[in-house]
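Here is query_6.txt, consisting of compact mmCIF, C-alpha atoms:
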# COMPACT_ATOMS: atom_id res chain seq x y z
CA ASP X 26 0.00 0.00 0.00
CA SER X 27 1.57 3.27 -1.19
CA GLY X 28 -0.55 5.49 1.05
CA VAL X 29 -2.08 7.26 -1.95
CA THR X 30 -5.82 6.71 -2.31
CA GLN X 31 -7.98 7.21 -5.36
CA THR X 32 -11.73 7.06 -5.79
CA PRO X 33 -13.66 5.69 -7.47
CA LYS X 34 -11.89 2.52 -8.55
CA HIS X 35 -14.08 2.12 -11.62
CA LEU X 36 -16.22 4.61 -13.49
CA ILE X 37 -18.49 3.88 -16.43
CA THR X 38 -20.15 6.76 -18.19
CA ALA X 39 -21.43 7.91 -21.57
CA THR X 40 -19.94 10.18 -24.20
CA GLY X 41 -20.51 13.85 -23.52
CA GLN X 42 -20.67 13.42 -19.76
CA ARG X 43 -18.47 14.90 -17.07
CA VAL X 44 -16.74 13.02 -14.25
CA THR X 45 -14.56 13.85 -11.28
CA LEU X 46 -11.71 11.67 -10.07
CA ARG X 47 -10.41 12.13 -6.57
CA CYS X 48 -6.96 11.59 -5.09
CA SER X 49 -5.65 11.82 -1.53
CA PRO X 50 -1.85 12.00 -1.34
CA ARG X 51 0.35 10.38 1.26
CA SER X 52 0.45 12.20 4.55
CA GLY X 53 2.90 15.08 4.30
CA ASP X 54 3.29 15.00 0.51
CA LEU X 55 2.75 18.41 -1.04
CA SER X 56 3.00 17.43 -4.71
CA VAL X 57 0.28 15.62 -6.62
CA TYR X 58 0.67 14.36 -10.17
CA TRP X 59 -1.92 13.00 -12.56
CA TYR X 60 -1.09 10.47 -15.28
CA GLN X 61 -3.14 8.75 -17.94
CA GLN X 62 -2.43 5.19 -18.99
CA SER X 63 -3.92 4.05 -22.28
CA LEU X 64 -3.09 1.23 -24.65
CA ASP X 65 -2.05 3.50 -27.50
CA GLN X 66 -0.36 6.33 -25.59
CA GLY X 67 1.21 4.47 -22.70
CA LEU X 68 1.76 6.43 -19.47
CA GLN X 69 1.42 10.16 -20.05
CA PHE X 70 1.86 12.97 -17.56
CA LEU X 71 -1.14 15.26 -17.36
CA ILE X 72 -0.59 17.84 -14.63
CA GLN X 73 1.20 18.54 -11.36
CA TYR X 74 0.13 20.54 -8.34
CA TYR X 75 2.33 21.62 -5.48
CA ASN X 76 0.75 22.86 -2.26
CA GLY X 77 -2.35 24.05 -4.05
CA GLU X 78 -0.66 25.69 -7.03
CA GLU X 79 -0.33 24.33 -10.53
CA ARG X 80 3.35 23.49 -11.08
CA ALA X 81 3.54 21.83 -14.49
CA LYS X 82 1.32 20.80 -17.36
CA GLY X 83 1.78 17.95 -19.74
CA ASN X 84 -0.41 16.55 -22.48
CA ILE X 85 -3.65 17.55 -20.81
CA LEU X 86 -6.64 18.30 -23.01
CA GLU X 87 -8.55 21.56 -22.59
CA ARG X 88 -11.61 19.48 -21.64
CA PHE X 89 -9.69 18.28 -18.59
CA SER X 90 -8.92 20.34 -15.51
CA ALA X 91 -7.61 19.72 -12.04
CA GLN X 92 -7.20 21.40 -8.71
CA GLN X 93 -5.58 20.78 -5.35
CA PHE X 94 -7.45 21.79 -2.24
CA PRO X 95 -6.12 23.21 1.06
CA ASP X 96 -6.19 19.75 2.62
CA LEU X 97 -3.94 18.69 -0.31
CA HIS X 98 -6.36 16.27 -1.91
CA SER X 99 -6.75 16.72 -5.63
CA GLU X 100 -9.52 16.28 -8.17
CA LEU X 101 -9.26 15.70 -11.88
CA ASN X 102 -12.30 16.83 -13.85
CA LEU X 103 -12.95 15.35 -17.28
CA SER X 104 -15.73 16.86 -19.37
CA SER X 105 -17.34 16.33 -22.76
CA LEU X 106 -16.05 12.79 -22.57
CA GLU X 107 -15.14 10.91 -25.73
CA LEU X 108 -14.59 7.22 -26.34
CA GLY X 109 -10.86 7.88 -26.54
CA ASP X 110 -10.78 9.15 -22.97
CA SER X 111 -11.27 5.61 -21.71
CA ALA X 112 -8.11 4.84 -19.76
CA LEU X 113 -6.59 4.27 -16.36
CA TYR X 114 -5.97 7.51 -14.51
CA PHE X 115 -3.29 7.48 -11.86
CA CYS X 116 -2.51 9.94 -9.17
CA ALA X 117 0.94 10.06 -7.58
CA SER X 118 2.35 12.09 -4.74
CA SER X 119 5.77 13.07 -3.50
CA VAL X 120 7.37 15.20 -0.87
CA ALA X 121 10.22 17.48 -1.95
CA ALA X 122 12.27 14.50 -3.17
CA ASP X 123 11.88 12.97 -6.60
CA THR X 124 10.27 9.64 -5.73
CA GLN X 125 6.62 9.47 -6.68
CA TYR X 126 4.23 7.00 -5.08
CA PHE X 127 1.23 5.96 -7.10
CA GLY X 128 -2.33 5.27 -6.15
CA PRO X 129 -4.27 2.23 -7.40
CA GLY X 130 -5.82 4.20 -10.25
CA THR X 131 -9.32 4.90 -11.52
CA ARG X 132 -10.41 2.94 -14.56
CA LEU X 133 -12.64 5.12 -16.72
CA THR X 134 -14.81 3.54 -19.38
CA VAL X 135 -16.68 5.83 -21.76
CA LEU X 136 -19.46 4.12 -23.69
CA GLY H 18 13.28 16.25 -24.89
CA ASP H 19 13.64 13.53 -22.30
CA SER H 20 12.85 9.98 -23.37
CA VAL H 21 13.12 6.39 -22.19
CA THR H 22 13.52 3.42 -24.49
CA GLN H 23 12.66 0.02 -23.15
CA MET H 24 13.14 -3.48 -24.40
CA GLU H 25 10.16 -4.59 -26.45
CA GLY H 26 8.06 -7.30 -24.91
CA PRO H 27 6.49 -9.54 -24.18
CA VAL H 28 9.18 -11.56 -22.43
CA THR H 29 8.48 -15.14 -21.40
CA LEU H 30 10.88 -17.03 -19.16
CA SER H 31 10.90 -20.24 -17.19
CA GLU H 32 10.97 -20.11 -13.42
CA GLU H 33 14.51 -19.65 -11.99
CA ALA H 34 15.80 -18.17 -15.25
CA PHE H 35 17.96 -15.03 -15.33
CA LEU H 36 16.15 -11.84 -16.27
CA THR H 37 17.40 -8.73 -18.04
CA ILE H 38 15.11 -5.95 -19.23
CA ASN H 39 17.02 -3.26 -21.09
CA CYS H 40 16.39 0.44 -20.55
CA THR H 41 18.22 3.40 -22.05
CA TYR H 42 17.42 7.05 -21.64
CA THR H 43 17.97 10.48 -23.14
CA ALA H 44 18.03 13.45 -20.81
CA THR H 45 19.97 16.60 -20.14
CA GLY H 46 21.88 16.73 -16.90
CA TYR H 47 21.67 13.99 -14.30
CA PRO H 48 18.20 12.51 -13.99
CA SER H 49 17.02 10.11 -11.33
CA LEU H 50 16.09 6.70 -12.70
CA PHE H 51 13.35 4.34 -11.58
CA TRP H 52 11.80 0.96 -12.21
CA TYR H 53 8.11 0.60 -11.47
CA VAL H 54 6.14 -2.64 -11.60
CA GLN H 55 2.46 -3.09 -12.39
CA TYR H 56 0.90 -6.40 -11.36
CA PRO H 57 -2.29 -7.47 -13.15
CA GLY H 58 -5.21 -5.25 -12.22
CA GLU H 59 -3.13 -3.07 -9.91
CA GLY H 60 -1.43 0.30 -9.85
CA LEU H 61 2.24 1.16 -10.22
CA GLN H 62 4.59 0.16 -7.45
CA LEU H 63 8.06 1.58 -7.05
CA LEU H 64 10.50 -1.30 -7.44
CA LEU H 65 13.84 0.47 -7.17
CA LYS H 66 15.61 3.71 -7.96
CA ALA H 67 19.03 5.30 -8.43
CA THR H 68 19.78 8.98 -8.24
CA LYS H 69 23.34 9.32 -9.48
CA ALA H 70 25.87 7.67 -11.73
CA ASP H 71 27.12 4.23 -10.60
CA ASP H 72 24.39 3.94 -7.96
CA LYS H 73 22.82 0.51 -7.76
CA GLY H 74 19.17 0.24 -6.83
CA SER H 75 17.93 -3.07 -5.46
CA ASN H 76 14.76 -4.58 -4.07
CA LYS H 77 13.14 -8.04 -3.90
CA GLY H 78 16.12 -9.59 -5.70
CA PHE H 79 15.96 -7.09 -8.57
CA GLU H 80 18.91 -4.82 -9.32
CA ALA H 81 19.70 -1.98 -11.71
CA THR H 82 22.84 0.14 -12.03
CA TYR H 83 22.84 3.74 -13.23
CA ARG H 84 25.34 3.83 -16.11
CA LYS H 85 26.00 7.39 -17.19
CA GLU H 86 28.48 6.42 -19.91
CA THR H 87 25.96 4.20 -21.69
CA THR H 88 22.84 6.11 -20.50
CA SER H 89 21.36 2.83 -19.34
CA PHE H 90 19.51 1.40 -16.33
CA HIS H 91 18.97 -2.27 -17.13
CA LEU H 92 16.86 -4.34 -14.74
CA GLU H 93 18.20 -7.75 -13.68
CA LYS H 94 17.19 -10.62 -11.45
CA GLY H 95 19.13 -13.79 -10.96
CA SER H 96 16.25 -16.23 -10.53
CA VAL H 97 12.72 -15.22 -11.44
CA GLN H 98 9.55 -16.60 -9.89
CA VAL H 99 6.02 -16.96 -11.22
CA SER H 100 5.01 -14.13 -8.88
CA ASP H 101 7.30 -11.77 -10.84
CA SER H 102 4.91 -11.86 -13.79
CA ALA H 103 3.94 -8.23 -14.34
CA VAL H 104 4.59 -5.21 -16.54
CA TYR H 105 7.82 -3.36 -15.78
CA PHE H 106 8.29 0.34 -16.53
CA CYS H 107 11.54 2.23 -16.65
CA ALA H 108 11.22 5.96 -15.88
CA LEU H 109 13.27 9.07 -15.36
CA ASN H 110 12.81 12.27 -13.40
CA PRO H 111 15.06 14.93 -14.88
CA ARG H 112 15.64 17.29 -11.99
CA GLY H 113 13.68 16.07 -9.03
CA ASN H 114 10.10 16.91 -8.06
CA GLU H 115 9.11 16.90 -11.71
CA LYS H 116 7.07 14.72 -13.98
CA LEU H 117 8.16 11.19 -14.70
CA THR H 118 8.87 10.17 -18.26
CA PHE H 119 8.10 6.49 -18.76
CA GLY H 120 9.16 3.84 -21.20
CA THR H 121 6.51 1.81 -22.97
CA GLY H 122 6.62 -1.02 -20.44
CA THR H 123 7.76 -4.63 -20.79
CA ARG H 124 5.33 -7.43 -20.05
CA LEU H 125 7.04 -10.32 -18.29
CA THR H 126 5.49 -13.76 -17.97
CA ILE H 127 7.16 -16.49 -15.92
CA ILE H 128 6.05 -20.06 -16.57
CA PRO H 129 6.50 -22.81 -13.97

Show me this structure written as structure tokens.
Amino acid sequence: DSGVTQTPKHLITATGQRVTLRCSPRSGDLSVYWYQQSLDQGLQFLIQYYNGEERAKGNILERFSAQQFPDLHSELNLSSLELGDSALYFCASSVAADTQYFGPGTRLTVL
Amino acid sequence: GDSVTQMEGPVTLSEEAFLTINCTYTATGYPSLFWYVQYPGEGLQLLLKATKADDKGSNKGFEATYRKETTSFHLEKGSVQVSDSAVYFCALNPRGNEKLTFGTGTRLTIIP
């Protein structure tokens, strides 16, 4: 158990809908990262937050957004969902060091 | 930009065989290097890491040495078990507290 929690574990929704994925980092970790794992793109970095502020952006679509709250949990919002958004979404957290610990992931299926 | 190239899979070995999964990287400066493992239906688990040249990371019988001269971080295990069947990802973090860049993953299957 990495100490990073993600909910829900599975999510099934329809095209055009909006969903929210939640992540709670390890106790004391200020950085939260979101990654997408898909069969065709592999593991891709989406976005990083550090202590509530956006730190870095990767290949994140405009339909996707995220935030980190004062209690350091983070939410990833995906809107206007398309079939191609079906993937595993991972959250990871780290303290100031470079080692990231991953949560179990949320499997999103868009029908 | 930064990149990681991993040995193409899938790899199938018999139990107790020697394992090598090759990983090479491209990055400016001195990145930290990682191996993560993903067991079926689970998330990514940190297997081992190395933060500077000639460091050797090790865990659960797996080892990898940070080779700056060949920009490599090959994963090895002397005697694999069926329970080692998983997908293995090599990754780098260029300057600490930054995004990880992953290889494509290598699926390993160990047969009894």

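Atom to atom, atom CA of X:Arg43 and atom CA of X:Thr134 stand 12.2 Å apart.
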
Within 8 Å of chain X: each chain H residue with its shortest pair, all atoms listed in the file, as a tab-separated table:
residue	atom	partner	partner_atom	distance
H:Ser49	CA	X:Asp123	CA	7.5
H:Glu59	CA	X:Pro129	CA	6.0
H:Gly60	CA	X:Pro129	CA	4.2
H:Leu61	CA	X:Phe127	CA	5.8
H:Gln62	CA	X:Phe127	CA	6.7
H:Leu63	CA	X:Tyr126	CA	6.9
H:Asn110	CA	X:Asp123	CA	6.9
H:Arg112	CA	X:Asp123	CA	7.9
H:Gly113	CA	X:Asp123	CA	4.3
H:Asn114	CA	X:Asp123	CA	4.6
H:Glu115	CA	X:Asp123	CA	7.0
H:Lys116	CA	X:Phe70	CA	6.6
H:Leu117	CA	X:Phe70	CA	7.1
H:Thr118	CA	X:Phe70	CA	7.6
H:Phe119	CA	X:Leu68	CA	6.4
H:Thr121	CA	X:Gly67	CA	5.9

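Atom pair atom CA of H:Val104 / atom CA of H:Leu30 has a distance of 13.6 Å (rounded to one decimal).
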
Checklist line | Residue neighbourhood X:Phe94, 12 Å, all atoms listed in the file, exclusion window fewer than 2 positions, as a list in words | finding: Arg47, Cys48, Ser49, Pro50, Leu55, Ser56, Val57, Tyr74, Tyr75, Asn76, Gly77, Glu78, Glu79, Ala91, Gln92, Asp96, Leu97, His98, Ser99, Glu100 and Leu101 of chain X

Report as a CSV table (one decimal) with C-alpha atoms, in the frame of the given file all protein, DNA and RNA residues lying within 7 Å of H:Arg124, evaluated on all atoms listed in the file, omitting residues in the same chain fewer than 6 positions from it.
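The new file around02.csv reads:
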chain,number,residue,atom,x,y,z
H,26,GLY,CA,8.1,-7.3,-24.9
H,27,PRO,CA,6.5,-9.5,-24.2
H,28,VAL,CA,9.2,-11.6,-22.4
H,103,ALA,CA,3.9,-8.2,-14.3
H,104,VAL,CA,4.6,-5.2,-16.5
H,105,TYR,CA,7.8,-3.4,-15.8

Checklist line | Residues within 9 Å of (18.5, 14.9, -13.3), counting only C-alpha atoms, listed as a ChimeraX atom specification | finding: /H:44-50,68-69,109-113

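Relative to atom CA of H:Gly78, atom CA of H:Phe35 is found at 11.2 Å.
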
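With distances taken over all atoms listed in the file, H:Glu32 is the one residue among H:Glu93, H:Glu80, H:Asp72, H:Glu32 lying closest to H:Ile127.
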
Next item on the list: Compare X:Gln62, X:Gly41, X:Gly53, X:Leu133 by their minimum atom-to-atom distance to X:Arg88, counting only C-alpha atoms, and give me the closest one.
Entry: X:Gly41

Draw an axis-aligned box tight on the listed atoms of stretch 104-110 of chain X, then pad every side by 4 Å and write out centre and edge lengths in Å to one decimal as AutoDock Vina command-line options.
--center_x -14.1 --center_y 12.0 --center_z -23.0 --size_x 14.6 --size_y 17.6 --size_z 15.2
